[in-house]
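A.B. asks: As input, take my_file-v6.csv (CSV, C-alpha atoms):
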```csv
chain,number,residue,atom,x,y,z
A,262,GLU,CA,128.1,115.9,135.5
A,263,TYR,CA,126.1,112.7,136.3
A,264,GLY,CA,126.7,113.2,140.0
A,265,ILE,CA,130.5,112.9,139.7
A,266,GLY,CA,131.4,116.6,139.8
A,267,ARG,CA,133.6,118.6,137.5
A,268,ALA,CA,136.1,119.4,140.2
A,269,ALA,CA,136.5,115.7,140.9
A,270,VAL,CA,137.1,114.8,137.3
A,271,GLN,CA,139.6,117.6,136.8
A,272,GLY,CA,141.4,116.6,140.0
A,273,ASP,CA,141.5,112.9,139.2
A,274,ALA,CA,140.3,111.6,135.8
A,275,ARG,CA,140.0,108.1,137.3
A,276,SER,CA,136.8,109.2,139.0
A,277,PHE,CA,135.2,109.4,135.5
A,278,VAL,CA,136.7,106.1,134.4
A,279,ASP,CA,135.3,104.5,137.6
A,280,ALA,CA,131.8,105.7,136.6
A,281,ILE,CA,131.9,103.9,133.3
A,282,HIS,CA,129.8,100.7,133.3
A,283,GLU,CA,132.0,97.7,134.1
A,284,ASN,CA,131.0,96.0,130.9
A,285,ASP,CA,132.0,99.0,128.8
A,286,ARG,CA,135.1,100.2,130.8
A,287,GLN,CA,137.7,98.1,129.0
A,288,GLY,CA,136.3,99.0,125.7
A,289,TRP,CA,136.5,102.7,126.6
A,290,LEU,CA,140.1,102.3,127.7
A,291,ASP,CA,141.0,100.4,124.5
A,292,ALA,CA,139.4,103.1,122.4
A,293,VAL,CA,141.3,105.8,124.2
A,294,ALA,CA,144.6,103.9,123.8
A,295,ALA,CA,143.9,103.4,120.1
A,296,SER,CA,143.0,107.1,119.6
A,297,ALA,CA,146.2,108.2,121.3
A,298,ARG,CA,148.4,105.7,119.5
A,299,GLY,CA,147.1,106.7,116.1
A,300,VAL,CA,146.3,110.3,116.9
A,301,ALA,CA,142.9,109.5,115.5
A,302,PRO,CA,139.5,111.0,116.4
A,303,PHE,CA,137.7,109.4,119.4
A,304,ASP,CA,134.1,108.3,118.8
A,305,LEU,CA,132.4,105.9,121.2
A,306,ALA,CA,129.0,105.2,122.8
A,307,TYR,CA,129.0,103.6,126.2
A,308,ARG,CA,127.2,103.4,129.5
A,309,ILE,CA,128.0,105.2,132.8
A,310,ILE,CA,126.5,104.8,136.3
A,311,THR,CA,125.5,108.0,137.9
A,312,ALA,CA,126.0,108.8,141.6
A,313,SER,CA,122.4,107.8,142.2
A,314,GLY,CA,123.0,104.4,140.6
A,315,GLU,CA,121.1,105.1,137.3
A,316,ILE,CA,122.6,103.7,134.1
A,317,ARG,CA,122.8,106.3,131.3
A,318,TRP,CA,124.1,106.0,127.7
A,319,VAL,CA,126.5,108.7,126.6
A,320,HIS,CA,128.3,109.3,123.3
A,321,THR,CA,131.7,111.0,123.2
A,322,THR,CA,133.3,112.5,120.1
A,323,ALA,CA,136.7,114.2,120.3
A,324,SER,CA,139.5,115.4,118.0
A,325,VAL,CA,143.0,114.6,119.1
A,326,ARG,CA,146.4,116.2,118.8
A,327,ARG,CA,149.8,115.6,120.2
A,328,ALA,CA,151.5,118.5,122.0
A,329,GLU,CA,155.2,119.4,121.7
A,330,ASP,CA,155.9,117.8,125.0
A,331,GLY,CA,154.4,114.5,123.9
A,332,ASP,CA,151.1,114.9,125.7
A,333,VAL,CA,148.0,113.7,123.8
A,334,ILE,CA,145.1,116.2,124.1
A,335,TRP,CA,141.5,115.5,123.2
A,336,ASP,CA,139.0,118.3,122.6
A,337,GLY,CA,135.5,116.9,122.6
A,338,ILE,CA,131.9,116.6,123.8
A,339,THR,CA,130.0,114.0,125.6
A,340,LEU,CA,126.2,113.9,125.1
A,341,ASP,CA,123.5,111.9,126.9
A,342,VAL,CA,121.9,109.6,124.3
A,343,THR,CA,119.9,107.5,126.7
A,344,GLU,CA,116.5,108.3,125.3
A,345,GLN,CA,117.8,107.7,121.7
A,346,ARG,CA,119.2,104.3,122.7
A,347,ARG,CA,115.9,103.4,124.4
A,348,ALA,CA,113.9,104.4,121.3
A,349,GLU,CA,116.3,102.3,119.1
A,350,GLU,CA,115.9,99.3,121.4
A,351,ALA,CA,112.1,99.7,121.4
A,352,LEU,CA,112.2,99.8,117.6
A,353,ARG,CA,114.4,96.6,117.4
A,354,GLN,CA,112.0,94.8,119.8
A,355,THR,CA,109.0,95.9,117.6
A,356,GLN,CA,110.8,94.7,114.5
A,357,ARG,CA,111.6,91.3,116.1
A,358,LEU,CA,108.0,90.9,117.2
A,359,LEU,CA,106.8,91.7,113.7
A,360,HIS,CA,109.2,89.3,112.1
A,361,ASP,CA,108.2,86.6,114.6
A,362,ILE,CA,104.5,87.1,113.8
A,363,ALA,CA,105.2,87.2,110.0
A,364,ALA,CA,107.2,83.9,110.2
A,365,ASN,CA,104.1,82.1,111.4
A,366,VAL,CA,101.7,83.6,108.9
A,367,PRO,CA,101.0,81.5,105.8
A,368,GLY,CA,102.0,84.4,103.6
A,369,VAL,CA,103.7,87.7,104.0
A,370,ILE,CA,103.3,91.1,105.7
A,371,PHE,CA,104.4,93.9,103.5
A,372,ARG,CA,104.6,97.7,103.0
A,373,ARG,CA,104.1,98.9,99.5
A,374,VAL,CA,105.0,102.5,98.5
A,375,MET,CA,104.0,104.3,95.3
A,376,ASN,CA,105.5,107.8,94.8
A,377,PRO,CA,103.8,110.5,92.7
A,378,ASN,CA,105.6,109.3,89.6
A,379,GLY,CA,104.0,105.9,89.9
A,380,GLU,CA,107.2,104.1,91.0
A,381,ILE,CA,106.5,101.2,93.4
A,382,SER,CA,108.8,99.8,96.0
A,383,TYR,CA,108.4,97.3,98.9
A,384,PRO,CA,110.6,98.7,101.7
A,385,PHE,CA,109.4,96.0,104.1
A,386,VAL,CA,108.6,92.4,103.5
A,387,ALA,CA,108.5,89.6,106.1
A,388,GLY,CA,107.1,86.1,105.9
A,389,ARG,CA,107.3,82.9,104.1
A,390,GLU,CA,106.9,84.1,100.5
A,391,ARG,CA,107.7,87.4,98.9
A,392,PRO,CA,104.9,89.5,97.4
A,393,PRO,CA,104.9,90.7,93.8
A,394,ARG,CA,108.3,92.5,93.3
A,395,ALA,CA,108.4,96.0,91.9
A,396,GLU,CA,111.7,97.8,92.1
A,397,SER,CA,112.3,101.6,92.3
A,398,GLY,CA,113.0,103.3,89.0
A,399,GLY,CA,111.0,103.9,85.9
A,400,ASN,CA,107.3,104.3,85.6
A,401,MET,CA,104.7,101.9,87.1
A,402,LEU,CA,104.2,100.0,83.8
A,403,LEU,CA,107.9,99.4,83.5
A,404,THR,CA,108.5,98.4,87.1
A,405,ALA,CA,105.5,96.1,87.2
A,406,GLN,CA,106.6,94.3,84.1
A,407,ILE,CA,109.7,93.1,85.9
A,408,SER,CA,107.6,91.9,88.8
A,409,ASN,CA,106.4,88.3,89.3
A,410,VAL,CA,102.7,89.0,88.8
A,411,HIS,CA,101.4,86.5,86.2
A,412,PRO,CA,101.2,88.2,82.8
A,413,ASP,CA,97.5,87.4,82.4
A,414,ASP,CA,96.7,89.1,85.7
A,415,PHE,CA,99.1,92.0,85.4
A,416,GLU,CA,96.8,94.6,84.0
A,417,ALA,CA,94.0,93.9,86.5
A,418,TRP,CA,96.6,94.0,89.3
A,419,ARG,CA,98.0,97.3,88.1
A,420,ASP,CA,94.5,98.9,87.7
A,421,ASP,CA,93.5,97.8,91.2
A,422,ILE,CA,96.6,99.5,92.7
A,423,LEU,CA,96.0,102.7,90.7
A,424,ASP,CA,92.3,102.8,91.7
A,425,SER,CA,93.2,102.2,95.4
A,426,ALA,CA,95.9,105.0,95.2
A,427,ARG,CA,93.4,107.4,93.6
A,428,THR,CA,90.5,106.7,95.9
A,429,LEU,CA,92.3,105.5,99.0
A,430,ARG,CA,90.0,102.6,99.2
A,431,PRO,CA,91.3,99.4,100.9
A,432,LEU,CA,92.7,96.9,98.4
A,433,ASP,CA,91.4,93.3,98.5
A,434,THR,CA,92.4,91.3,95.4
A,435,GLU,CA,93.3,87.9,94.1
A,436,PHE,CA,95.8,87.2,91.4
A,437,ARG,CA,98.5,84.7,90.3
A,438,VAL,CA,102.2,85.1,90.8
A,439,ILE,CA,105.2,83.2,89.5
A,440,SER,CA,107.3,81.8,92.3
A,441,THR,CA,111.1,81.7,92.2
A,442,LYS,CA,110.8,78.0,91.3
A,443,GLY,CA,108.6,78.8,88.3
A,444,ASP,CA,105.4,77.6,89.9
A,445,THR,CA,102.1,79.5,89.5
A,446,LEU,CA,100.6,80.4,92.8
A,447,TRP,CA,97.3,82.1,93.7
A,448,VAL,CA,97.5,84.8,96.3
A,449,ARG,CA,95.1,87.1,98.1
A,450,SER,CA,96.4,90.5,98.9
A,451,VAL,CA,94.7,92.7,101.5
A,452,SER,CA,96.0,96.2,102.3
A,453,LYS,CA,94.9,99.6,103.5
A,454,PRO,CA,96.3,102.8,101.8
A,455,ARG,CA,97.1,106.2,103.1
A,456,ARG,CA,98.5,109.3,101.4
A,457,MET,CA,101.6,111.0,102.9
A,458,GLU,CA,102.3,114.8,102.8
A,459,ASN,CA,104.9,114.2,100.0
A,460,GLY,CA,102.3,112.6,97.8
A,461,ASP,CA,103.4,109.0,98.4
A,462,VAL,CA,100.7,106.4,98.9
A,463,ILE,CA,101.6,103.7,101.4
A,464,TRP,CA,99.8,100.3,101.8
A,465,ASP,CA,100.4,98.2,104.8
A,466,GLY,CA,99.0,94.7,104.2
A,467,ILE,CA,99.2,91.0,104.2
A,468,GLN,CA,99.4,88.5,101.3
A,469,LEU,CA,98.1,85.0,101.7
A,470,ASP,CA,98.7,81.9,99.6
A,471,ILE,CA,95.3,80.6,98.5
A,472,THR,CA,96.5,78.2,95.8
A,473,ALA,CA,95.0,75.0,97.3
A,474,GLY,CA,91.6,76.5,97.7
A,475,LYS,CA,91.6,78.3,94.4
A,476,GLU,CA,92.7,75.1,92.5
A,477,ALA,CA,90.0,73.1,94.2
A,478,GLN,CA,87.4,75.8,93.2
A,479,ILE,CA,88.7,75.6,89.6
A,480,ARG,CA,88.4,71.8,89.5
A,481,LEU,CA,84.9,71.9,90.9
A,482,GLU,CA,83.8,74.5,88.3
A,483,SER,CA,85.3,72.3,85.6
A,484,VAL,CA,83.5,69.2,86.8
A,485,VAL,CA,80.2,71.1,87.1
A,486,SER,CA,80.6,72.7,83.6
A,487,ASN,CA,81.0,69.2,82.1
A,488,LEU,CA,78.0,67.6,83.8
A,489,PRO,CA,75.2,66.5,81.3
A,490,GLY,CA,72.6,68.6,83.1
A,491,ALA,CA,72.1,71.1,85.8
A,492,VAL,CA,73.4,71.2,89.4
A,493,TYR,CA,71.0,72.6,91.9
A,494,ARG,CA,70.1,72.5,95.6
A,495,ARG,CA,66.5,71.8,96.7
A,496,VAL,CA,65.3,72.7,100.2
A,497,LEU,CA,62.1,71.4,101.5
A,498,ARG,CA,60.7,72.9,104.7
```
Take the structure in the file and give it back as structure tokens.
C.D. replies:
Amino acid sequence: EYGIGRAAVQGDARSFVDAIHENDRQGWLDAVAASARGVAPFDLAYRIITASGEIRWVHTTASVRRAEDGDVIWDGITLDVTEQRRAEEALRQTQRLLHDIAANVPGVIFRRVMNPNGEISYPFVAGRERPPRAESGGNMLLTAQISNVHPDDFEAWRDDILDSARTLRPLDTEFRVISTKGDTLWVRSVSKPRRMENGDVIWDGIQLDITAGKEAQIRLESVVSNLPGAVYRRVLR
């Protein structure tokens, strides 16, 4: 296989060892030695170089036994896992990219999942601040009560999520949260829902810290409400 030839391997096992990538060869030899020494199953992923010069990933698993004459015998299988490894590496690169982007966003990127029983979880969160927490287990009311949504905003937050789950309308809402330091922060949460075949509703979204702007708006409204008269704008054209 891999351009080496079965007869060549059966005639001289070194031909297979020589095909192992130089950066993986010593690890393979060490793993074989450890398996033989402990008569332990062999399980290893490593790279080989084919006769055409292509690098392929393979995964070998084998059971081991010691014969009466002292020989160590492995019965196993070697599978080509190149495409799987490429897919895993592509996934890691995508995750690194997403985390890098999230690290520079003034908020968080998140995935929210609500199952048919109303349980909410956040399987993915990346960014500077965490979104409202809701752990798996119990019904929605119970899980949200242990979140960090401000008590005065909780019911509206819950109703918005339920409405979005029911209608699959995008969710764009502002509410307060209690930070881990005990501070009250204003956030804007924007997400788009979709329903899965198993009944779960998934939102992928972003949550931004809008505290500064919200506090400025509240102060302005307070000033305006205490003015001894009316505030207006006149335009003359």
A.B. asks: Any idea what the distance is between atom CA of A:Trp418 and atom CA of A:Leu481?
C.D. replies: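 According to the coordinates, atom CA of A:Trp418 and atom CA of A:Leu481 are separated by 25.1 Å.
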A.B. asks: Using all atoms listed in the file, can you tell me which of A:Ala417, A:Arg373, A:Ala477, A:Gly379 comes closest to A:Val451?
C.D. replies: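 Of A:Ala417, A:Arg373, A:Ala477, A:Gly379, the one nearest A:Val451 is A:Arg373, counting all atoms listed in the file.
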A.B. asks: Of the residues A:Thr355, A:Thr339, A:Asn376, A:Ser440, which is the one nearest to A:Ala323, using all atoms listed in the file?
C.D. replies: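 Result for the nearest residue to A:Ala323: A:Thr339.
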A.B. asks: Could you check how far atom CA of A:Arg437 sits from atom CA of A:Val462, in Å to one decimal?
C.D. replies: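 Atom CA of A:Val462 lies 23.4 Å from atom CA of A:Arg437.
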A.B. asks: Choose the residue, out of A:Ala280, A:Ile463, A:Val438, A:Ile471, that has the smallest atom-to-atom separation from A:Gly314; count only C-alpha atoms.
C.D. replies: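 Counting only C-alpha atoms, the residue closest to A:Gly314 is A:Ala280.
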A.B. asks: Find the residues around A:Val333 up to 8 Å (only C-alpha atoms counted), leave out those fewer than 5 positions away in its own chain, and share them as a VMD selection string.
C.D. replies: chain A and resid 297 300 325 to 328
A.B. asks: Work out how far atom CA of A:Pro302 is from atom CA of A:His282, in Å to one decimal.
C.D. replies: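 Taking atom CA of A:His282 as the start and atom CA of A:Pro302 as the end point, the length is 22.0 Å.
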A.B. asks: So, with only C-alpha atoms as the atoms that count, which of A:Ser296, A:Thr441, A:Thr343, A:Ser324 lies closest to A:Ile309?
C.D. replies: A:Thr343
A.B. asks: When distances are computed from only C-alpha atoms, which of A:Asp470, A:Asp444, A:Glu349, A:Glu435 shows the smallest separation from A:Asn409?
C.D. replies: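 Closest to A:Asn409 of all the choices is A:Asp444.
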A.B. asks: Which residues are close to A:His320, i.e. within 8 Å by all atoms listed in the file, leaving aside same-chain residues fewer than 6 positions away? Reply as a PyMOL selection string.
C.D. replies: chain A and resi 304-307+339-342
A.B. asks: Can I get the selected residues back with C-alpha atoms, as a PDB file, keeping the file's coordinate frame?
C.D. replies:
```pdb
ATOM      1  CA  ASP A 304     134.100 108.300 118.800  1.00  0.00           C
ATOM      2  CA  LEU A 305     132.400 105.900 121.200  1.00  0.00           C
ATOM      3  CA  ALA A 306     129.000 105.200 122.800  1.00  0.00           C
ATOM      4  CA  TYR A 307     129.000 103.600 126.200  1.00  0.00           C
ATOM      5  CA  THR A 339     130.000 114.000 125.600  1.00  0.00           C
ATOM      6  CA  LEU A 340     126.200 113.900 125.100  1.00  0.00           C
ATOM      7  CA  ASP A 341     123.500 111.900 126.900  1.00  0.00           C
ATOM      8  CA  VAL A 342     121.900 109.600 124.300  1.00  0.00           C
TER       9      VAL A 342
END
```
A.B. asks: Calculated over only C-alpha atoms, which of the candidates A:Asn284, A:Ser425, A:Ser452, A:Thr472 has the smallest distance to A:Ile316?
C.D. replies: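 Looking at the shortest contact to A:Ile316, the residue is A:Asn284.
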A.B. asks: Pick out the residues sitting within 9 Å of A:Pro384, and hand them over as a list in words; count only C-alpha atoms, and ignore anything fewer than 3 positions along from it in its own chain.
C.D. replies: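 With the cut-off at 9 Å, the set is Phe371, Arg372, Arg373 and Val374 of chain A.
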